[in-house]
file coords-v6.cif (mmCIF, C-alpha atoms and all ligand atoms)
data_target
#
loop_
_atom_site.label_atom_id
_atom_site.label_comp_id
_atom_site.auth_asym_id
_atom_site.auth_seq_id
_atom_site.Cartn_x
_atom_site.Cartn_y
_atom_site.Cartn_z
CA MET K 605 95.92 75.14 91.76
CA LYS K 606 99.07 73.99 93.49
CA LEU K 607 98.60 73.06 97.17
CA SER K 608 101.28 73.76 99.74
CA SER K 609 103.32 71.00 101.40
CA PHE K 610 101.38 71.82 104.53
CA SER K 611 97.99 71.09 102.93
CA SER K 612 99.27 67.84 101.50
CA TYR K 613 100.67 66.92 104.92
CA VAL K 614 97.24 67.54 106.48
CA LEU K 615 95.52 65.51 103.76
CA LEU K 616 97.99 62.66 104.16
CA SER K 617 97.69 62.60 107.94
CA LEU K 618 93.91 62.38 107.64
CA LEU K 619 94.14 59.32 105.41
CA PRO K 620 94.32 56.62 108.09
CA PHE K 621 91.09 57.95 109.68
CA THR K 622 89.29 58.17 106.37
CA LEU K 623 90.40 54.67 105.46
CA ALA K 624 88.85 53.30 108.65
CA HIS K 625 85.28 53.76 107.39
CA PRO K 626 83.82 50.66 105.72
CA GLY K 627 82.10 50.96 102.33
CA MET K 628 84.27 53.86 101.24
CA GLY K 629 86.59 51.95 98.90
CA ASP K 630 86.30 54.23 95.91
CA SER K 631 86.53 57.48 97.78
CA MET K 632 89.48 56.16 99.78
CA ARG K 633 91.27 55.31 96.57
CA ASP K 634 90.41 58.75 95.18
CA ILE K 635 91.79 60.47 98.27
CA ARG K 636 94.97 58.38 98.12
CA ARG K 637 95.40 59.22 94.46
CA ALA K 638 94.78 62.92 95.11
CA ALA K 639 97.29 62.90 97.96
CA ALA K 640 99.89 61.18 95.78
CA GLN K 641 99.28 63.76 93.10
CA ILE K 642 99.79 66.63 95.52
CA GLU K 643 103.00 65.07 96.80
CA ARG K 644 104.24 64.72 93.27
CA ARG K 645 103.38 68.30 92.39
CA ASN K 646 105.22 69.54 95.43
CA SER K 647 108.35 67.67 94.40
CA LYS K 648 108.42 69.07 90.84
CA GLU K 649 111.73 70.67 89.99
CA LEU K 650 112.31 73.80 87.99
CA ILE K 651 114.89 73.79 85.21
CA GLY K 652 117.16 76.20 83.33
CA ASP K 653 116.87 79.91 84.06
CA LEU K 654 113.52 79.34 85.81
CA LYS K 655 115.47 77.89 88.74
CA THR K 656 116.95 81.26 89.63
CA LEU K 657 114.59 83.89 88.24
CA LYS K 658 112.18 85.51 90.69
CA ASP K 659 108.47 85.59 89.78
CA SER K 660 108.73 89.35 89.36
CA GLN K 661 111.33 88.81 86.60
CA LEU K 662 109.23 86.40 84.58
CA THR K 663 107.68 87.20 81.22
CA ALA K 664 104.12 86.03 80.52
CA ILE K 665 105.52 82.98 78.68
CA GLY K 666 108.06 82.36 81.45
CA LYS K 667 105.19 82.35 83.99
CA ASP K 668 103.15 79.95 81.87
CA ILE K 669 106.04 77.53 81.38
CA LYS K 670 106.80 77.64 85.10
CA ALA K 671 103.14 76.84 85.82
CA ILE K 672 103.24 73.93 83.34
CA LEU K 673 106.41 72.54 84.94
CA LEU K 674 104.82 72.82 88.40
CA GLU K 675 101.65 71.23 87.03
CA SER K 676 99.30 74.04 87.91
CA LYS K 677 98.56 74.78 84.24
CA SER K 678 97.74 72.48 81.33
CA ALA K 679 100.33 71.99 78.60
CA GLU K 680 97.63 71.36 75.99
CA SER K 681 96.00 74.04 73.86
CA SER K 682 93.21 74.14 71.34
CA VAL K 683 93.92 77.70 70.16
CA ILE K 684 94.05 77.42 66.38
CA ASP K 685 94.87 80.08 63.84
CA THR K 686 92.85 79.19 60.76
CA SER K 687 94.08 82.18 58.78
CA ILE K 688 96.53 81.74 55.96
CA PRO K 689 100.08 83.05 56.53
CA PRO K 690 100.40 86.82 55.90
CA GLY K 691 102.66 86.17 52.90
CA THR K 692 105.23 83.86 51.36
CA VAL K 693 108.08 83.04 53.65
CA ASP K 694 110.27 85.62 51.90
CA SER K 695 107.74 88.46 52.18
CA ALA K 696 108.13 91.40 54.54
CA ALA K 697 104.73 90.62 56.07
CA CYS K 698 105.84 87.10 56.93
CA LYS K 699 109.16 88.26 58.33
CA ALA K 700 107.29 90.70 60.59
CA ASP K 701 105.32 87.86 62.21
CA LEU K 702 107.45 85.54 64.35
CA CYS K 703 105.18 82.53 63.85
CA CYS K 704 104.71 82.96 60.08
CA VAL K 705 107.74 80.89 59.09
CA TRP K 706 106.56 78.21 61.53
CA LYS K 707 103.18 78.12 59.81
CA TRP K 708 104.91 77.26 56.51
CA ILE K 709 107.01 74.64 58.27
CA SER K 710 103.89 73.24 59.89
CA TYR K 711 102.19 72.86 56.50
CA GLU K 712 105.18 70.92 55.17
CA MET K 713 105.55 68.72 58.20
CA THR K 714 101.83 67.98 58.48
CA ALA K 715 101.79 66.70 54.88
CA LYS K 716 104.86 64.53 55.53
CA PHE K 717 103.56 63.12 58.81
CA ASN K 718 100.02 62.22 57.70
CA GLY K 719 99.58 59.00 55.70
CA THR K 720 96.83 58.14 53.22
CA SER K 721 95.31 55.79 55.83
CA GLY K 722 94.93 58.77 58.19
CA ARG K 723 97.48 57.20 60.55
CA CYS K 724 100.79 58.99 61.14
CA THR K 725 103.83 57.98 59.14
CA LYS K 726 107.28 56.72 60.11
CA PHE K 727 108.48 60.32 59.73
CA ALA K 728 106.04 61.45 62.45
CA ARG K 729 107.15 58.69 64.80
CA GLY K 730 110.76 59.44 63.96
CA ALA K 731 110.18 63.12 64.74
CA VAL K 732 108.87 62.31 68.23
CA ARG K 733 111.82 60.01 68.91
CA LEU K 734 114.26 62.59 67.47
CA GLY K 735 112.84 65.20 69.87
CA PHE K 736 113.48 62.84 72.77
CA HIS K 737 116.99 61.89 71.63
CA ASP K 738 118.09 65.52 71.19
CA ALA K 739 116.68 66.77 74.50
CA GLY K 740 117.30 63.59 76.51
CA VAL K 741 121.09 63.85 76.22
CA TRP K 742 121.21 65.90 79.42
CA SER K 743 121.28 65.29 83.16
CA LYS K 744 121.20 67.53 86.24
CA THR K 745 125.00 67.46 86.36
CA SER K 746 125.50 68.26 82.65
CA THR K 747 126.92 71.64 81.78
CA TYR K 748 125.85 71.24 78.13
CA GLY K 749 123.54 69.06 76.03
CA GLY K 750 119.75 68.88 76.01
CA ALA K 751 117.36 70.40 73.46
CA ASP K 752 120.09 72.18 71.54
CA GLY K 753 119.91 70.69 68.04
CA SER K 754 123.27 68.95 68.52
CA ILE K 755 121.89 65.59 67.40
CA LEU K 756 121.78 66.92 63.84
CA LEU K 757 124.58 69.48 64.02
CA THR K 758 127.29 67.02 65.11
CA ASN K 759 128.06 63.31 64.68
CA GLU K 760 125.70 62.26 67.51
CA LEU K 761 123.58 60.44 64.96
CA ASP K 762 126.37 57.86 64.50
CA ARG K 763 125.83 56.64 68.06
CA ALA K 764 124.07 53.27 68.33
CA ASP K 765 121.39 54.92 70.53
CA ASN K 766 120.23 56.76 67.43
CA ASN K 767 119.78 53.77 65.12
CA GLY K 768 116.60 54.21 63.13
CA LEU K 769 116.64 58.01 63.03
CA LYS K 770 118.39 58.47 59.66
CA ASP K 771 115.29 59.17 57.53
CA ILE K 772 113.82 61.78 59.88
CA ALA K 773 117.31 63.27 60.34
CA ASP K 774 117.73 63.73 56.58
CA TYR K 775 114.27 65.26 56.29
CA THR K 776 114.80 67.65 59.23
CA LYS K 777 118.19 68.76 57.85
CA GLN K 778 116.53 69.54 54.51
CA LEU K 779 114.02 71.77 56.30
CA TYR K 780 116.80 73.38 58.32
CA ASN K 781 118.74 74.22 55.15
CA LYS K 782 115.60 75.81 53.74
CA TYR K 783 114.42 77.73 56.81
CA ASN K 784 117.52 78.51 58.91
CA LYS K 785 117.99 81.77 57.01
CA TYR K 786 114.65 82.92 58.43
CA GLY K 787 115.97 82.52 61.98
CA VAL K 788 114.82 78.95 62.64
CA SER K 789 117.19 77.06 64.98
CA MET K 790 117.77 73.32 64.66
CA ALA K 791 116.82 72.89 68.32
CA ASP K 792 113.40 74.50 67.73
CA LEU K 793 112.87 72.68 64.43
CA ILE K 794 113.37 69.34 66.17
CA GLN K 795 111.04 70.15 69.09
CA MET K 796 108.38 71.80 66.92
CA GLY K 797 108.63 68.71 64.67
CA ALA K 798 107.94 66.44 67.65
CA ASN K 799 104.88 68.47 68.66
CA ILE K 800 103.48 68.67 65.12
CA ALA K 801 104.03 64.91 64.73
CA THR K 802 102.24 64.18 68.00
CA VAL K 803 99.12 66.10 67.04
CA VAL K 804 99.12 64.72 63.49
CA CYS K 805 98.93 61.18 64.92
CA PRO K 806 95.20 60.47 65.42
CA LEU K 807 94.13 61.07 69.07
CA GLY K 808 97.43 62.82 69.85
CA PRO K 809 97.47 65.88 72.14
CA ARG K 810 98.07 69.43 70.88
CA ILE K 811 101.01 70.49 73.02
CA ARG K 812 101.83 74.16 73.60
CA SER K 813 104.87 74.93 71.47
CA PHE K 814 107.59 77.43 72.28
CA VAL K 815 110.45 78.70 70.12
CA GLY K 816 113.72 80.52 70.75
CA ARG K 817 116.05 77.67 71.83
CA LYS K 818 119.73 78.10 71.02
CA ASP K 819 121.74 75.67 68.92
CA ASN K 820 124.96 74.04 70.07
CA ALA K 821 127.52 72.62 67.67
CA LYS K 822 129.07 70.46 70.41
CA ALA K 823 127.96 66.82 70.63
CA GLY K 824 126.00 66.07 73.82
CA PRO K 825 127.29 63.85 76.62
CA THR K 826 127.12 60.07 76.10
CA GLY K 827 125.42 57.37 78.17
CA LEU K 828 122.27 59.36 78.93
CA LEU K 829 119.72 57.57 76.71
CA PRO K 830 117.87 54.43 77.82
CA GLY K 831 118.24 50.89 76.43
CA GLU K 832 115.42 48.51 75.62
CA THR K 833 116.63 45.88 78.10
CA ASP K 834 117.09 48.31 81.01
CA SER K 835 115.52 47.47 84.37
CA ALA K 836 112.79 49.72 85.77
CA ASP K 837 115.21 50.80 88.49
CA LYS K 838 117.84 51.89 85.97
CA LEU K 839 115.25 53.75 83.87
CA ILE K 840 113.68 55.51 86.86
CA LYS K 841 117.11 56.71 88.05
CA LEU K 842 118.21 57.75 84.55
CA PHE K 843 115.10 59.90 84.08
CA ALA K 844 115.10 61.23 87.67
CA ASP K 845 118.53 62.65 86.81
CA LYS K 846 116.77 64.60 84.07
CA THR K 847 114.14 65.90 86.58
CA ILE K 848 111.61 63.49 85.05
CA ASP K 849 109.89 61.46 87.77
CA ALA K 850 108.59 57.90 87.50
CA HIS K 851 105.04 59.06 86.72
CA ASP K 852 106.26 61.32 83.87
CA LEU K 853 108.39 58.48 82.53
CA VAL K 854 105.35 56.22 82.29
CA ALA K 855 103.52 58.94 80.37
CA LEU K 856 106.45 59.54 78.00
CA VAL K 857 107.07 55.90 77.02
CA GLY K 858 103.46 55.82 75.85
CA ALA K 859 104.93 57.33 72.65
CA HIS K 860 105.66 53.68 71.81
CA SER K 861 101.93 53.47 71.15
CA THR K 862 102.67 54.67 67.62
CA SER K 863 105.96 52.85 67.13
CA GLN K 864 107.33 50.22 64.73
CA GLN K 865 110.80 48.92 65.64
CA HIS K 866 113.60 48.24 63.17
CA PHE K 867 116.71 47.52 65.24
CA VAL K 868 115.64 45.70 68.43
CA ASP K 869 114.96 42.53 66.43
CA LYS K 870 116.08 42.96 62.83
CA ALA K 871 114.40 39.69 61.84
CA ARG K 872 111.09 41.37 62.77
CA ASP K 873 111.81 44.66 61.01
CA GLY K 874 108.72 46.89 61.08
CA ASP K 875 106.89 45.08 63.88
CA PRO K 876 104.83 47.45 66.04
CA GLN K 877 104.80 47.86 69.83
CA ASP K 878 101.02 47.59 70.00
CA SER K 879 98.21 46.65 67.64
CA THR K 880 97.62 50.25 66.52
CA PRO K 881 100.85 51.67 65.05
CA GLY K 882 100.49 55.23 63.80
CA ILE K 883 97.67 55.97 66.27
CA TRP K 884 98.25 57.86 69.52
CA ASP K 885 95.96 55.65 71.58
CA VAL K 886 96.27 53.82 74.90
CA ALA K 887 96.26 50.27 73.44
CA PHE K 888 100.03 50.16 74.14
CA TYR K 889 99.50 50.32 77.93
CA GLY K 890 96.97 47.47 78.01
CA GLU K 891 98.76 45.26 75.51
CA THR K 892 102.14 45.56 77.26
CA THR K 893 100.63 43.93 80.34
CA THR K 894 98.34 41.39 78.65
CA ALA K 895 98.09 39.37 75.43
CA ALA K 896 98.68 41.15 72.12
CA PRO K 897 98.48 39.98 68.49
CA PRO K 898 101.50 37.90 67.35
CA ARG K 899 103.10 40.70 65.32
CA VAL K 900 103.35 42.99 68.36
CA LEU K 901 106.91 43.11 69.71
CA LYS K 902 107.04 44.41 73.28
CA PHE K 903 110.22 46.07 74.57
CA GLN K 904 111.53 44.49 77.78
CA SER K 905 112.03 48.01 79.19
CA ASP K 906 108.31 48.76 78.77
CA ILE K 907 107.34 45.43 80.37
CA ASN K 908 109.67 46.23 83.28
CA LEU K 909 108.05 49.65 83.82
CA SER K 910 104.55 48.19 83.62
CA LYS K 911 105.35 45.90 86.59
CA ASP K 912 107.47 48.00 88.95
CA SER K 913 105.80 49.11 92.19
CA ARG K 914 106.76 52.77 91.49
CA THR K 915 105.22 52.85 88.01
CA LYS K 916 102.58 50.11 87.90
CA SER K 917 99.59 52.06 89.18
CA GLU K 918 100.07 54.92 86.71
CA TRP K 919 100.56 52.39 83.91
CA GLN K 920 97.24 50.81 84.85
CA ALA K 921 95.53 54.21 85.10
CA PHE K 922 96.50 55.04 81.50
CA ILE K 923 94.96 51.80 80.12
CA ASN K 924 91.51 53.39 80.09
CA GLY K 925 92.57 57.00 80.30
CA GLN K 926 93.20 58.61 76.91
CA GLY K 927 92.49 62.14 78.21
CA HIS K 928 94.53 61.54 81.37
CA TRP K 929 97.47 60.20 79.32
CA ASN K 930 97.33 63.03 76.77
CA ALA K 931 97.36 65.62 79.56
CA ASP K 932 100.25 63.95 81.41
CA TYR K 933 102.23 63.30 78.22
CA SER K 934 101.91 66.95 77.23
CA THR K 935 103.19 68.16 80.59
CA SER K 936 106.04 65.66 80.66
CA TYR K 937 107.05 66.29 77.05
CA THR K 938 107.10 70.07 77.65
CA ARG K 939 109.62 69.46 80.44
CA LEU K 940 111.66 67.08 78.26
CA SER K 941 111.70 69.55 75.37
CA LEU K 942 113.22 72.24 77.62
CA LEU K 943 116.06 70.26 79.20
CA GLY K 944 119.34 72.17 78.91
CA VAL K 945 117.53 75.33 77.75
CA ASN K 946 118.77 78.29 79.79
CA ASN K 947 116.69 81.05 78.20
CA ILE K 948 113.22 79.66 78.91
CA ASN K 949 112.04 83.09 80.08
CA ASP K 950 112.79 84.54 76.63
CA LEU K 951 110.95 81.92 74.59
CA LYS K 952 107.95 82.86 72.44
CA GLU K 953 104.84 80.81 71.70
CA CYS K 954 103.77 79.56 68.25
CA THR K 955 101.26 76.88 69.24
CA LYS K 956 98.71 78.43 66.88
CA VAL K 957 100.53 76.99 63.82
CA LEU K 958 99.84 73.39 64.88
CA PRO K 959 97.04 71.59 63.02
CA PRO K 960 93.94 70.73 65.06
CA ALA K 961 93.87 67.57 67.17
CA ARG K 962 91.85 64.60 65.90
CA LYS K 963 89.77 63.36 68.80
CA SER K 964 88.41 60.21 67.14
CA PHE K 965 89.65 57.85 64.46
CA VAL K 966 88.55 54.66 62.70
CA SER K 967 91.01 52.77 60.47
CA GLN K 968 89.18 52.16 57.18
CA ASP K 969 91.57 49.30 56.38
CA GLN K 970 91.25 47.53 59.75
CA ALA K 971 90.38 44.14 58.14
CA VAL K 972 93.71 43.99 56.28
CA LEU K 973 95.56 45.45 59.24
CA ASP K 974 94.13 42.68 61.45
CA LEU K 975 95.52 39.98 59.13
CA TRP K 976 98.90 41.73 59.15
CA LEU K 977 98.79 41.85 62.96
CA GLN K 978 98.17 38.11 62.99
CA GLY K 979 101.53 37.69 61.23
CA GLN K 980 100.44 37.52 57.58
CA PHE K 981 101.53 39.72 54.65
CA ASP K 982 105.09 40.69 55.64
CA GLN K 983 105.19 42.55 52.34
CA LEU K 984 102.93 45.19 53.93
CA ASN K 985 105.50 46.17 56.60
CA ASN K 986 106.78 49.17 54.67
CA MET K 987 103.27 50.29 53.73
CA VAL K 988 102.15 50.21 57.35
CA ASP K 989 105.33 52.13 58.26
CA ASP K 990 104.37 54.75 55.66
CA ALA K 991 100.76 54.76 56.95
CA ILE K 992 99.44 53.93 53.49
CA MET K 993 95.78 52.87 53.20
CA LEU K 994 95.85 49.08 52.87
CA THR K 995 92.36 48.52 51.50
CA GLY K 996 92.57 47.17 47.95
CA VAL K 997 96.26 46.35 48.29
CA ILE K 998 95.85 42.64 48.99
CA THR K 999 94.05 40.77 46.21
CA THR K 1000 94.81 37.15 47.15
CA PRO K 1001 92.80 35.65 50.04
CA PRO K 1002 94.77 34.86 53.20
CA LYS K 1003 96.52 31.48 53.19
CA VAL K 1004 94.61 28.84 55.20
CA THR K 1005 96.76 26.09 56.71
CA MET K 1006 95.06 22.65 56.68
CA THR K 1007 95.95 20.25 59.49
C1 LIG C 1101 112.19 53.82 78.71
C2 LIG C 1101 112.87 54.44 77.86
C3 LIG C 1101 112.89 54.16 76.39
C4 LIG C 1101 113.48 53.14 75.72
C5 LIG C 1101 114.28 52.01 76.31
C6 LIG C 1101 113.20 53.32 74.31
C7 LIG C 1101 113.64 52.52 73.31
C8 LIG C 1101 113.20 52.55 72.00
C9 LIG C 1101 113.58 51.65 70.95
C10 LIG C 1101 114.58 50.54 71.12
C11 LIG C 1101 112.89 51.97 69.84
C12 LIG C 1101 112.91 51.25 68.48
C13 LIG C 1101 113.96 51.81 67.57
C14 LIG C 1101 114.05 50.94 66.34
O1 LIG C 1101 114.39 49.77 66.46
O2 LIG C 1101 113.76 51.44 65.22
C15 LIG C 1101 112.05 53.08 70.18
C16 LIG C 1101 111.16 53.68 69.31
C17 LIG C 1101 110.48 54.81 69.59
N1 LIG C 1101 110.60 55.56 70.76
FE1 LIG C 1101 111.49 54.99 72.47
N2 LIG C 1101 112.43 54.44 74.17
C18 LIG C 1101 112.22 54.99 75.40
C19 LIG C 1101 111.56 56.14 75.69
C20 LIG C 1101 110.96 56.93 74.73
C21 LIG C 1101 110.45 58.24 74.96
C22 LIG C 1101 110.56 58.98 76.29
C23 LIG C 1101 109.91 58.68 73.78
C24 LIG C 1101 109.26 59.98 73.44
C25 LIG C 1101 108.88 60.87 74.26
C26 LIG C 1101 110.10 57.62 72.82
C27 LIG C 1101 109.63 57.65 71.53
C28 LIG C 1101 109.79 56.63 70.62
C29 LIG C 1101 109.11 56.58 69.35
C30 LIG C 1101 108.09 57.57 68.82
C31 LIG C 1101 109.56 55.43 68.70
C32 LIG C 1101 109.11 54.93 67.34
C33 LIG C 1101 110.06 55.28 66.24
C34 LIG C 1101 109.62 54.67 64.91
O3 LIG C 1101 108.53 54.10 64.80
O4 LIG C 1101 110.43 54.80 63.97
N3 LIG C 1101 110.75 56.60 73.42
N4 LIG C 1101 112.27 53.44 71.48
#

call {"tool": "encode", "arguments": {"input": "coords-v6.cif", "output": "C-alpha cells", "more": "lines below"}}
Ligand code: HEM
result
Amino acid sequence: MKLSSFSSYVLLSLLPFTLAHPGMGDSMRDIRRAAAQIERRNSKELIGDLKTLKDSQLTAIGKDIKAILLESKSAESSVIDTSIPPGTVDSAACKADLCCVWKWISYEMTAKFNGTSGRCTKFARGAVRLGFHDAGVWSKTSTYGGADGSILLTNELDRADNNGLKDIADYTKQLYNKYNKYGVSMADLIQMGANIATVVCPLGPRIRSFVGRKDNAKAGPTGLLPGETDSADKLIKLFADKTIDAHDLVALVGAHSTSQQHFVDKARDGDPQDSTPGIWDVAFYGETTTAAPPRVLKFQSDINLSKDSRTKSEWQAFINGQGHWNADYSTSYTRLSLLGVNNINDLKECTKVLPPARKSFVSQDQAVLDLWLQGQFDQLNNMVDDAIMLTGVITTPPKVTMT
C-alpha cells in the first residue's frame, strides 16, 4: 500500500525521537529504511500515456502497470500455464489466442537460453542486455526512442555501445522474420526475450510480461547508454533522466551477475563479472566490494556505484538479499522495458508463457569451474559462455607450479 507524503512526513519527523532511545539500534535502522522507502515511493514518476490518463480511464492492465511503477504492486508472478498451445502457430485456434504465438516463441527461446550445465547461455545474457540497450536509448526529453525495436530495425547495432550484441541480434532477427507475420513486434520480441532469459537463468525472477509495444524504424537518440568507466554521479544522472532512480539503478546493474565481458578487456575475452556467470545470484554484489577469484573482471562503473553514498546502502542490502533483489529488479526492469511506450494502457499480458522460476541451483561441474575461476583452462572460456556442462571435459590434471 502506498502511503501519502503526509504519512511519510509524520514518520520522518518522529525519527529523531525514536532514535533517542538506547538499545533500539535494529528497530531504528528498520524505521529509517522504511521511511526512505516511503520517500522513494512517493517520488516515483509515471511514464508514457499513464502520465496523463485518469484512473477512471485505465484498463485492468493499465491499472496494474501503474501500481507496479508506483511500487504498490509486485512485478513478479508465479502464474504458469502448463497447458500445451491450442494449436500450431498457423492454426485458427492459435491465432484466436493472443498469447499462443508467444508460447511457441517461449519454447524456442527457453531452449536457446538454457545450457547443458543448467546455467543460462550467452544468448540469455545477450537478451537481457539487448532489452536494456533498446529501451535505454530514451530520456525524459526524448520525443522518440525507448523500447521500440529500433536497435534491430535500424543501424543502431553499429554503435560502439552495442559491441557484443551481434549473436543475440542475429538470433532475435531470425525469430522476428519467423513470427512477425503473426503480429509480433520487434519491440515486444526484445522485451519478452529479456524476461524469458531472466527467468531461465537459475534463481532469476519471473517478471510480469506485457505485449503490444509499437515498432519504430527510426534509430534512437545517441549518447544515452552508460560506459564502463563512468562515475557514479554520471550514471545516477543518466538514469534519473530515464525516471530510474539510484536505488533502481543498483538493482538493474545486478544483471552483471550473469555476465561475461568480451570488449572491456579483449585480452581477457570471456572473463565473468562475478564467480557465478550464468546464474542470477547475488554473488556479484558481494564480490564487487570485496575479493573475488582472479578470473573475475569488475567494471569500474560497478565499483563506483558500490561505493557512492547514494547507492552504497542498497548495494550492501542486496549482498544477502536474493528475494529483495529479485523483487526490486523486476520492478525496475518493468519500468525500463516501458520507456518511450505511449500506449501502456492498451498493452496485454502474456506472463503465463514464461517457464517457471528455478528457486535453487547447484552447479554439478563446480570443481572444474573453480579451477577456471582461478585462471586455469582458458580453453574453457567459450564453453562457460555457452553454459556447457564442464564435468568430463578436462582430462589432464591442473598444472602445479614448483617453486
Ligand atoms: C551502470 C550501467 C551499465 C554499464 C556501464 C554497463 C556496461 C556493460 C558492459 C561494458 C558489458 C560487457 C560487454 C562486453 O564486453 O561484452 C555489459 C554486459 C552486460 N550488461 Fe551491462 N552495463 C550497465 C547496466 C546494465 C543494465 C541496466 C543491464 C540490464 C538491465 C545490463 C545487462 C548486462 C548484461 C546481461 C551483460 C552481459 C552480456 C553478456 O554476457 O554477453 N547492464 N554491461

call {"tool": "residues_near_ligand", "arguments": {"input": "coords-v6.cif", "ligand": "ligand LIG 1101 (chain C)", "cutoff": "7 Å", "atoms": "all atoms listed in the file", "output": "list in words"}}
result
Lys726, Arg729, Gly730, Val732, Arg733, Phe736, Asn767, Gly768, Pro830, Gly831, Glu832, Thr833, Asp834, Leu839, Leu853, Leu856, Val857, Ala859, His860, Thr862, Ser863, Gln864, Gln865, His866, Phe867, Val868, Ser905, Asp906 and Tyr937 of chain K

call {"tool": "residues_near_point", "arguments": {"input": "coords-v6.cif", "point": "(121.2, 66.4, 76.3)", "cutoff": "6 Å", "atoms": "all atoms listed in the file", "output": "ChimeraX atom specification"}}
result
/K:739-742,749-750,824

call {"tool": "atom_distance", "arguments": {"input": "coords-v6.cif", "atom1": "atom CA of K:Ile794", "atom2": "atom CA of K:Asn820"}}
result
13.1 Å

call {"tool": "closest_residue", "arguments": {"input": "coords-v6.cif", "among": "K:Gln661, K:Val815, K:Tyr786, K:Asp774", "to": "K:Asp694", "atoms": "only C-alpha atoms"}}
result
K:Tyr786

call {"tool": "residues_around", "arguments": {"input": "coords-v6.cif", "residues": "K:Cys954", "least_positions_apart": "5", "cutoff": "6 Å", "atoms": "all atoms listed in the file", "output": "PyMOL selection string"}}
result
chain K and resi 703+813-814

call {"tool": "atom_distance", "arguments": {"input": "coords-v6.cif", "atom1": "atom CA of K:Ala836", "atom2": "atom CA of K:Val803"}}
result
28.4 Å

call {"tool": "closest_residue", "arguments": {"input": "coords-v6.cif", "among": "K:Leu958, K:Ser835, K:Ala887, K:Gln795", "to": "K:Lys911", "atoms": "all atoms listed in the file"}}
result
K:Ser835

call {"tool": "atom_distance", "arguments": {"input": "coords-v6.cif", "atom1": "atom CA of K:Thr692", "atom2": "atom CA of K:Trp706"}}
result
11.7 Å

call {"tool": "residues_near_point", "arguments": {"input": "coords-v6.cif", "point": "(94.5, 61.3, 63.1)", "cutoff": "9 Å", "atoms": "all atoms listed in the file", "output": "number ranges by chain"}}
result
K: 718, 722-724, 803-808, 882-884, 961-966

call {"tool": "closest_residue", "arguments": {"input": "coords-v6.cif", "among": "K:Val788, K:Ile948, K:Ala821, K:Met796", "to": "K:Ile669", "atoms": "all atoms listed in the file"}}
result
K:Ile948

call {"tool": "closest_residue", "arguments": {"input": "coords-v6.cif", "among": "K:Leu842, K:Val988, K:Leu909, K:Ala855", "to": "K:Pro881", "atoms": "all atoms listed in the file"}}
result
K:Val988

call {"tool": "residues_around", "arguments": {"input": "coords-v6.cif", "residues": "K:Pro825", "least_positions_apart": "3", "cutoff": "12 Å", "atoms": "all atoms listed in the file", "output": "ChimeraX atom specification"}}
result
/K:737-750,754-755,758-760,763,822,828-829,944

call {"tool": "write_last_selection", "arguments": {"input": "coords-v6.cif", "atoms": "C-alpha atoms", "output": "PDB file, keeping the file's coordinate frame"}}
result
ATOM      1  CA  HIS K 737     116.990  61.890  71.630  1.00  0.00           C
ATOM      2  CA  ASP K 738     118.090  65.520  71.190  1.00  0.00           C
ATOM      3  CA  ALA K 739     116.680  66.770  74.500  1.00  0.00           C
ATOM      4  CA  GLY K 740     117.300  63.590  76.510  1.00  0.00           C
ATOM      5  CA  VAL K 741     121.090  63.850  76.220  1.00  0.00           C
ATOM      6  CA  TRP K 742     121.210  65.900  79.420  1.00  0.00           C
ATOM      7  CA  SER K 743     121.280  65.290  83.160  1.00  0.00           C
ATOM      8  CA  LYS K 744     121.200  67.530  86.240  1.00  0.00           C
ATOM      9  CA  THR K 745     125.000  67.460  86.360  1.00  0.00           C
ATOM     10  CA  SER K 746     125.500  68.260  82.650  1.00  0.00           C
ATOM     11  CA  THR K 747     126.920  71.640  81.780  1.00  0.00           C
ATOM     12  CA  TYR K 748     125.850  71.240  78.130  1.00  0.00           C
ATOM     13  CA  GLY K 749     123.540  69.060  76.030  1.00  0.00           C
ATOM     14  CA  GLY K 750     119.750  68.880  76.010  1.00  0.00           C
ATOM     15  CA  SER K 754     123.270  68.950  68.520  1.00  0.00           C
ATOM     16  CA  ILE K 755     121.890  65.590  67.400  1.00  0.00           C
ATOM     17  CA  THR K 758     127.290  67.020  65.110  1.00  0.00           C
ATOM     18  CA  ASN K 759     128.060  63.310  64.680  1.00  0.00           C
ATOM     19  CA  GLU K 760     125.700  62.260  67.510  1.00  0.00           C
ATOM     20  CA  ARG K 763     125.830  56.640  68.060  1.00  0.00           C
ATOM     21  CA  LYS K 822     129.070  70.460  70.410  1.00  0.00           C
ATOM     22  CA  LEU K 828     122.270  59.360  78.930  1.00  0.00           C
ATOM     23  CA  LEU K 829     119.720  57.570  76.710  1.00  0.00           C
ATOM     24  CA  GLY K 944     119.340  72.170  78.910  1.00  0.00           C
TER      25      GLY K 944
END

call {"tool": "axis_aligned_box", "arguments": {"input": "coords-v6.cif", "around": "stretch 932-949 of chain K", "padding_each_side": "5 Å", "output": "JSON"}}
result
{"center_x": 109.8, "center_y": 73.2, "center_z": 78.4, "size_x": 29.1, "size_y": 29.8, "size_z": 16.0}

call {"tool": "residues_around", "arguments": {"input": "coords-v6.cif", "residues": "K:Gly787", "least_positions_apart": "2", "cutoff": "10 Å", "atoms": "only C-alpha atoms", "output": "PyMOL selection string"}}
result
chain K and resi 699+702+705+780+783-785+789-790+816

call {"tool": "residues_around", "arguments": {"input": "coords-v6.cif", "residues": "K:Ile665", "least_positions_apart": "6", "cutoff": "7 Å", "atoms": "only C-alpha atoms", "output": "NGL selection string"}}
result
:K and (949 or 951-952)

call {"tool": "write_last_selection", "arguments": {"input": "coords-v6.cif", "atoms": "C-alpha atoms", "output": "PDB file, in the frame of the given file"}}
result
ATOM      1  CA  ASN K 949     112.040  83.090  80.080  1.00  0.00           C
ATOM      2  CA  LEU K 951     110.950  81.920  74.590  1.00  0.00           C
ATOM      3  CA  LYS K 952     107.950  82.860  72.440  1.00  0.00           C
TER       4      LYS K 952
END

call {"tool": "closest_residue", "arguments": {"input": "coords-v6.cif", "among": "K:Gly827, K:Gly735, K:Gly979, K:Gly797", "to": "K:Gly874", "atoms": "all atoms listed in the file"}}
result
K:Gly979

call {"tool": "closest_residue", "arguments": {"input": "coords-v6.cif", "among": "K:Leu943, K:Leu977, K:Ser879, K:Asp653", "to": "K:Ala791", "atoms": "only C-alpha atoms"}}
result
K:Leu943
